[in-house]
$ cat start19.cif   # mmCIF, C-alpha atoms
data_entry
#
loop_
_atom_site.label_atom_id
_atom_site.label_comp_id
_atom_site.auth_asym_id
_atom_site.auth_seq_id
_atom_site.Cartn_x
_atom_site.Cartn_y
_atom_site.Cartn_z
CA MET N 1 0.00 0.00 0.00
CA ASN N 2 1.28 3.46 -0.92
CA TYR N 3 0.86 5.91 2.00
CA ASP N 4 2.31 8.94 0.17
CA ILE N 5 -0.33 11.71 -0.14
CA GLY N 6 1.93 13.87 -2.29
CA GLY N 7 -0.32 13.38 -5.30
CA ILE N 8 -3.33 14.77 -3.43
CA LEU N 9 -1.37 17.78 -2.19
CA ASN N 10 0.11 18.55 -5.61
CA GLU N 11 -3.28 18.66 -7.34
CA TRP N 12 -4.96 20.62 -4.54
CA ASP N 13 -3.40 24.00 -3.79
CA TYR N 14 -3.29 25.48 -0.31
CA LYS N 15 -4.31 29.13 -0.63
CA GLY N 16 -3.24 30.40 2.76
CA ARG N 17 -4.60 30.92 6.25
CA ASN N 18 -7.16 33.53 5.23
CA GLU N 19 -9.11 31.23 2.91
CA LEU N 20 -10.60 27.83 3.69
CA VAL N 21 -10.11 25.16 1.07
CA VAL N 22 -12.72 22.47 1.64
CA ARG N 23 -14.38 19.76 -0.40
CA LYS N 24 -16.91 16.99 0.09
CA ILE N 25 -15.90 13.52 -1.06
CA THR N 26 -17.22 9.99 -0.93
CA GLY N 27 -14.97 7.67 1.06
CA THR N 28 -14.02 4.13 0.14
CA ASP N 29 -16.73 3.05 2.59
CA GLY N 30 -19.31 4.83 0.45
CA LYS N 31 -20.00 7.48 3.09
CA PRO N 32 -19.69 11.27 2.62
CA LYS N 33 -16.63 12.90 4.14
CA ILE N 34 -15.07 16.34 4.34
CA GLN N 35 -11.51 17.16 3.38
CA LEU N 36 -9.94 20.37 4.64
CA ARG N 37 -6.68 21.45 2.99
CA ILE N 38 -4.10 22.72 5.47
CA ASP N 39 -0.55 23.95 4.94
CA LEU N 40 1.18 20.59 5.42
CA GLY N 41 -1.52 18.18 4.37
CA VAL N 42 -5.20 17.33 4.40
CA MET N 43 -7.57 16.93 7.33
CA GLN N 44 -10.34 14.41 6.67
CA MET N 45 -13.53 14.30 8.74
CA GLU N 46 -16.70 12.24 8.76
CA TRP N 47 -19.81 14.05 7.54
CA MET N 48 -21.94 12.55 10.34
CA GLY N 49 -21.21 11.46 13.89
CA ARG N 50 -17.96 12.36 15.55
CA PRO N 51 -15.61 14.00 13.02
CA ASP N 52 -12.79 11.48 13.55
CA GLY N 53 -15.22 8.56 13.11
CA LYS N 54 -14.46 7.13 16.55
CA ARG N 55 -17.07 5.98 19.06
CA PRO N 56 -15.66 6.71 22.53
CA TYR N 57 -16.94 4.19 25.09
CA GLY N 58 -19.33 2.90 22.42
CA LYS N 59 -21.12 6.27 22.15
CA GLU N 60 -21.44 8.57 19.17
CA SER N 61 -19.38 11.22 20.96
CA LEU N 62 -17.59 11.89 24.22
CA LEU N 63 -20.38 14.31 25.10
CA ASP N 64 -22.89 11.47 24.78
CA HIS N 65 -20.71 9.30 27.02
CA TYR N 66 -20.64 11.86 29.84
CA LEU N 67 -24.34 12.59 29.45
CA SER N 68 -25.06 8.86 29.83
CA LEU N 69 -22.94 8.77 33.00
CA LEU N 70 -24.88 11.75 34.32
CA GLN N 71 -28.19 10.05 33.56
CA ALA N 72 -27.04 6.84 35.26
CA GLN N 73 -26.10 8.89 38.33
CA ARG N 74 -29.54 10.42 38.47
CA GLU N 75 -31.30 7.10 38.03
CA LYS N 76 -29.21 5.43 40.73
CA TYR N 77 -29.22 8.16 43.37
CA GLY N 78 -32.11 10.38 42.30
CA THR N 79 -29.69 13.30 42.10
CA ASP N 80 -26.67 14.48 40.13
CA ALA N 81 -24.85 15.67 43.24
CA GLN N 82 -22.20 12.95 42.93
CA PHE N 83 -21.38 13.75 39.31
CA SER N 84 -18.40 15.91 38.42
CA LEU N 85 -15.88 16.37 35.62
CA THR N 86 -12.19 16.22 36.38
CA HIS N 87 -9.60 18.38 34.64
CA GLU N 88 -8.71 15.38 32.48
CA ASP N 89 -12.37 14.94 31.52
CA CYS N 90 -12.52 18.59 30.49
CA GLU N 91 -9.35 18.30 28.43
CA LYS N 92 -10.87 15.38 26.51
CA LEU N 93 -14.05 17.34 25.90
CA GLN N 94 -11.96 20.30 24.75
CA MET N 95 -10.26 18.14 22.15
CA GLU N 96 -13.64 16.93 20.93
CA SER N 97 -14.80 20.54 20.71
CA TYR N 98 -11.86 21.34 18.42
CA GLN N 99 -12.92 18.55 16.08
CA TYR N 100 -16.46 19.85 15.86
CA TYR N 101 -15.17 23.39 15.36
CA HIS N 102 -13.05 22.40 12.35
CA ARG N 103 -15.94 20.53 10.83
CA ARG N 104 -18.32 23.39 11.56
CA ILE N 105 -16.27 25.96 9.67
CA SER N 106 -15.97 23.44 6.84
CA PHE N 107 -19.76 23.03 6.76
CA PHE N 108 -20.12 26.80 6.43
CA GLU N 109 -17.76 26.79 3.46
CA LEU N 110 -19.77 23.96 1.87
CA GLU N 111 -23.04 25.83 2.61
CA ALA N 112 -24.26 22.89 4.74
CA TYR N 113 -25.86 25.19 7.28
CA ALA N 114 -28.12 22.66 9.04
CA GLU N 115 -25.06 20.52 9.75
CA ALA N 116 -23.12 23.58 10.95
CA GLU N 117 -25.95 24.36 13.36
CA GLN N 118 -25.82 20.80 14.74
CA ASP N 119 -22.09 21.03 15.38
CA ALA N 120 -22.48 24.42 17.08
CA ASP N 121 -25.21 22.93 19.28
CA HIS N 122 -22.88 20.05 20.15
CA ASN N 123 -20.19 22.40 21.44
CA LEU N 124 -22.69 24.53 23.34
CA GLN N 125 -23.94 21.38 25.06
CA ILE N 126 -20.35 20.58 26.03
CA MET N 127 -20.03 24.08 27.49
CA ASP N 128 -23.26 23.65 29.44
CA LEU N 129 -22.05 20.32 30.84
CA VAL N 130 -18.66 21.73 31.86
CA GLN N 131 -20.23 24.84 33.34
CA ALA N 132 -22.54 22.73 35.49
CA TYR N 133 -20.20 19.93 36.57
CA ALA N 134 -16.50 20.82 36.17
CA ALA N 135 -14.72 20.47 39.50
CA ASP N 136 -12.29 23.30 38.68
CA ASP N 137 -13.59 26.80 37.90
CA ARG N 138 -10.61 27.35 35.61
CA ASP N 139 -11.92 24.62 33.33
CA LYS N 140 -15.29 26.33 33.25
CA LEU N 141 -13.75 29.62 32.18
CA SER N 142 -11.59 27.96 29.53
CA PHE N 143 -14.80 26.86 27.80
CA GLU N 144 -17.00 29.85 28.57
CA GLN N 145 -14.67 32.32 26.86
CA PHE N 146 -15.71 30.79 23.52
CA ARG N 147 -19.47 30.79 24.14
CA PRO N 148 -20.22 34.09 22.32
CA PHE N 149 -18.27 32.85 19.29
CA VAL N 150 -20.16 29.56 19.12
CA ILE N 151 -23.52 31.30 19.66
CA MET N 152 -22.63 33.60 16.77
CA HIS N 153 -21.85 30.57 14.59
CA ARG N 154 -25.13 28.89 15.51
CA THR N 155 -27.01 32.11 14.79
CA ARG N 156 -25.32 32.41 11.40
CA ALA N 157 -26.20 28.80 10.58
CA ARG N 158 -29.84 29.30 11.52
CA GLY N 159 -30.08 32.63 9.75
CA LEU N 160 -28.51 31.34 6.56
CA GLN N 161 -31.00 28.48 6.44
CA SER N 162 -33.79 31.07 6.59
CA VAL N 163 -32.10 33.16 3.89
CA ASP N 164 -31.90 30.07 1.69
CA ARG N 165 -35.67 29.69 2.14
CA LYS N 166 -36.01 33.40 1.26
CA ASP N 167 -37.58 34.00 4.67
CA LEU N 168 -35.77 37.19 5.62
CA ASP N 169 -38.15 37.98 8.49
CA GLU N 170 -37.25 34.67 10.11
CA ALA N 171 -33.54 35.31 9.46
CA LEU N 172 -33.83 38.66 11.26
CA ARG N 173 -35.63 36.99 14.18
CA GLN N 174 -32.85 34.43 14.47
CA ILE N 175 -30.19 37.15 14.42
CA GLU N 176 -32.01 39.20 17.06
CA GLU N 177 -32.28 36.12 19.30
CA GLY N 178 -28.56 35.44 18.88
CA ILE N 179 -27.69 39.04 19.74
CA LYS N 180 -29.89 38.89 22.84
CA GLU N 181 -28.31 35.59 23.95
CA ILE N 182 -24.76 36.97 23.66
CA GLU N 183 -25.71 40.18 25.46
CA GLU N 184 -27.26 38.17 28.31
CA PHE N 185 -24.07 36.11 28.51
CA PHE N 186 -21.96 39.23 29.06
CA ARG N 187 -24.43 40.55 31.63
CA SER N 188 -24.28 37.25 33.54
CA TYR N 189 -20.55 37.86 34.04
CA ASP N 190 -21.10 41.56 34.82
CA ARG N 191 -19.20 42.53 31.67
CA THR N 192 -21.67 44.88 30.02
CA ASP N 193 -18.67 46.83 28.70
CA LEU N 194 -18.10 43.99 26.22
CA ILE N 195 -21.56 44.37 24.69
CA GLU N 196 -20.29 47.23 22.53
CA GLU N 197 -16.82 45.77 21.99
CA SER N 198 -17.78 42.21 21.07
CA GLN N 199 -16.74 41.24 17.56
CA GLU N 200 -19.45 38.58 17.53
CA LEU N 201 -22.14 41.16 18.22
CA THR N 202 -20.69 43.50 15.61
CA VAL N 203 -20.89 40.76 12.98
CA LEU N 204 -24.50 39.94 13.82
CA ARG N 205 -25.62 43.58 13.99
CA GLU N 206 -24.05 44.37 10.62
CA TRP N 207 -25.69 41.30 9.11
CA ALA N 208 -29.08 42.30 10.54
CA GLU N 209 -28.65 45.77 9.04
CA GLN N 210 -27.80 44.29 5.66
CA ILE N 211 -30.85 42.00 5.68
CA THR N 212 -33.11 44.86 6.78
CA LYS N 213 -32.03 46.85 3.73
CA GLU N 214 -32.61 43.89 1.41
CA ARG N 215 -35.92 42.78 2.91
CA PRO N 216 -39.06 44.05 1.15
CA ARG N 217 -41.02 46.26 3.53
CA SER N 218 -44.56 45.32 4.55
CA PRO N 219 -47.45 47.74 3.88
CA GLU N 220 -47.46 48.67 7.58
CA GLU N 221 -43.72 49.41 7.51
CA ARG N 222 -44.16 51.58 4.40
CA LEU N 223 -46.90 53.56 6.14
CA GLN N 224 -44.73 53.94 9.23
CA GLN N 225 -41.83 55.22 7.11
CA ALA N 226 -44.08 57.66 5.28
CA LEU N 227 -45.43 58.92 8.62
CA GLN N 228 -41.91 59.50 9.93
CA GLU N 229 -40.98 61.43 6.80
CA ALA N 230 -44.14 63.54 7.02
CA ILE N 231 -43.36 64.45 10.64
CA GLU N 232 -39.75 65.33 9.80
CA ASN N 233 -40.97 67.55 6.92
CA GLU N 234 -43.64 69.16 9.15
CA GLU N 235 -46.41 67.95 6.84
CA PHE N 236 -48.84 67.66 9.72
CA GLU N 237 -52.02 67.19 7.70
CA ARG N 238 -50.49 64.30 5.79
CA ALA N 239 -49.08 62.90 9.05
CA ALA N 240 -52.58 62.86 10.54
CA GLU N 241 -53.92 60.99 7.50
CA LEU N 242 -51.12 58.45 7.75
CA ARG N 243 -51.80 57.93 11.47
CA ASP N 244 -55.44 57.20 10.68
CA ALA N 245 -54.37 54.76 7.98
CA LEU N 246 -52.03 52.99 10.42
CA ARG N 247 -54.77 52.71 13.03
CA LYS N 248 -57.12 51.12 10.49
CA PHE N 249 -54.34 48.81 9.35
CA ARG N 250 -53.80 47.56 12.91
CA LEU N 251 -57.48 46.96 13.70
#
$ encode --input "start19.cif" --output "structure tokens"
Amino acid sequence: MNYDIGGILNEWDYKGRNELVVRKITGTDGKPKIQLRIDLGVMQMEWMGRPDGKRPYGKESLLDHYLSLLQAQREKYGTDAQFSLTHEDCEKLQMESYQYYHRRISFFELEAYAEAEQDADHNLQIMDLVQAYAADDRDKLSFEQFRPFVIMHRTRARGLQSVDRKDLDEALRQIEEGIKEIEEFFRSYDRTDLIEESQELTVLREWAEQITKERPRSPEERLQQALQEAIENEEFERAAELRDALRKFRL
């Protein structure tokens, strides 16, 4: 068997760190897989299940393994008070998170937004588990620092699915929910100063603004805009007519 992957690398250029080079292939097992070109080679991931194709402790993922242990604890003792995650447990979950992150950004590049949402959800569930049960607060913080980023990714994945369906109102709702969730996260840590500085929030706000401009306005929104313009231009008679029209519209 020839293990040299030089042929693959030679026919598939690496374009640099600022551009993802991703493709979907069918493996020799007949299953879809993702290949991500990196500077010194190719990273290959499973399309479904855990990205490396492994089944830790017979489960689909390490997250599922720890969740099953938690459930067993509850069934045996009627409480989860005895359950905790050691630093080693958290390190293993961190490594799994990296796998799902690499696949998630690949899914975005391949426009597989439903799959990207699932992988974002997976990592958020890991964060929730660590936040609730890690024995060391430092482990909790090592995960929590990435929560706004993963929420932003999940919001993008949900919003892009709505855009694909040409449902821009739903896309805006998803973005607004994501913004609210990130803002609440910062407030929970008493870091309201980060609400204006957050890159994740900036990305989502700019996207919401872009969609608002592209979205066709409803009749009610057109009336509201006309009313605002009439008030600004001191056209009070027209403003009164527009107010009456809005009232009738809302009945």
$ resolve_selection --input "start19.cif" --expression "the PyMOL selection byres ((chain N and resi 201-209) around 10)" --output "ChimeraX atom specification"
/N:148-149,152-153,155-156,159,168,171-176,178-180,182-183,194-200,210-215
$ resolve_selection --input "start19.cif" --expression "the PyMOL selection byres ((chain N and resi 130) around 9)" --output "PyMOL selection string"
chain N and resi 84-85+90+93+125-129+131-135+139-140+143-144
$ axis_aligned_box --input "start19.cif" --around "range 224-233 of chain N" --padding-each-side "3 Å" --output "JSON"
{"center_x": -42.6, "center_y": 60.7, "center_z": 8.0, "size_x": 11.7, "size_y": 19.6, "size_z": 11.4}
$ closest_residue --input "start19.cif" --among "N:Pro56, N:Pro51, N:Gly6, N:Gly27" --to "Arg104 in chain N" --atoms "all atoms listed in the file"
N:Pro51
$ closest_atom_pairs --input "start19.cif" --of "range 119-138 of chain N" --to "range 98-103 of chain N" --cutoff "8 Å" --atoms "all atoms listed in the file" --output "JSON lines"
{"residue": "N:Asp119", "atom": "CA", "partner": "N:Tyr100", "partner_atom": "CA", "distance": 5.8}
{"residue": "N:Ala120", "atom": "CA", "partner": "N:Tyr101", "partner_atom": "CA", "distance": 7.6}
{"residue": "N:His122", "atom": "CA", "partner": "N:Tyr100", "partner_atom": "CA", "distance": 7.7}
{"residue": "N:Asn123", "atom": "CA", "partner": "N:Tyr100", "partner_atom": "CA", "distance": 7.2}
$ write_last_selection --input "start19.cif" --atoms "C-alpha atoms" --output "mmCIF file, keeping the file's coordinate frame"
data_model
loop_
_atom_site.group_PDB
_atom_site.id
_atom_site.type_symbol
_atom_site.label_atom_id
_atom_site.label_comp_id
_atom_site.auth_asym_id
_atom_site.auth_seq_id
_atom_site.Cartn_x
_atom_site.Cartn_y
_atom_site.Cartn_z
ATOM 1 C CA ASP N 119 -22.090 21.030 15.380
ATOM 2 C CA ALA N 120 -22.480 24.420 17.080
ATOM 3 C CA HIS N 122 -22.880 20.050 20.150
ATOM 4 C CA ASN N 123 -20.190 22.400 21.440
#
$ resolve_selection --input "start19.cif" --expression "the PyMOL selection byres ((chain N and resi 111) around 12)" --output "number ranges by chain"
N: 22-24, 104-110, 112-117, 156-158, 160-161, 163-164
$ atom_distance --input "start19.cif" --atom1 "CA of Gly7 in chain N" --atom2 "CA of Leu20 in chain N"
19.9 Å
$ atom_distance --input "start19.cif" --atom1 "CA of Val42 in chain N" --atom2 "CA of Phe146 in chain N"
25.6 Å
$ atom_distance --input "start19.cif" --atom1 "CA of Met95 in chain N" --atom2 "CA of Tyr66 in chain N"
14.4 Å
$ closest_residue --input "start19.cif" --among "N:Asp89, N:Leu9, N:Asn18, N:Ala72" --to "Gln35 in chain N" --atoms "all atoms listed in the file"
N:Leu9
$ residues_around --input "start19.cif" --residues "Gly53 in chain N" --least-positions-apart "6" --cutoff "12 Å" --atoms "only C-alpha atoms" --output "number ranges by chain"
N: 29, 31-34, 44-47, 59-62, 96, 99-100
$ closest_residue --input "start19.cif" --among "N:Ile8, N:Leu141, N:Ala239, N:Ile231" --to "Met43 in chain N" --atoms "all atoms listed in the file"
N:Ile8
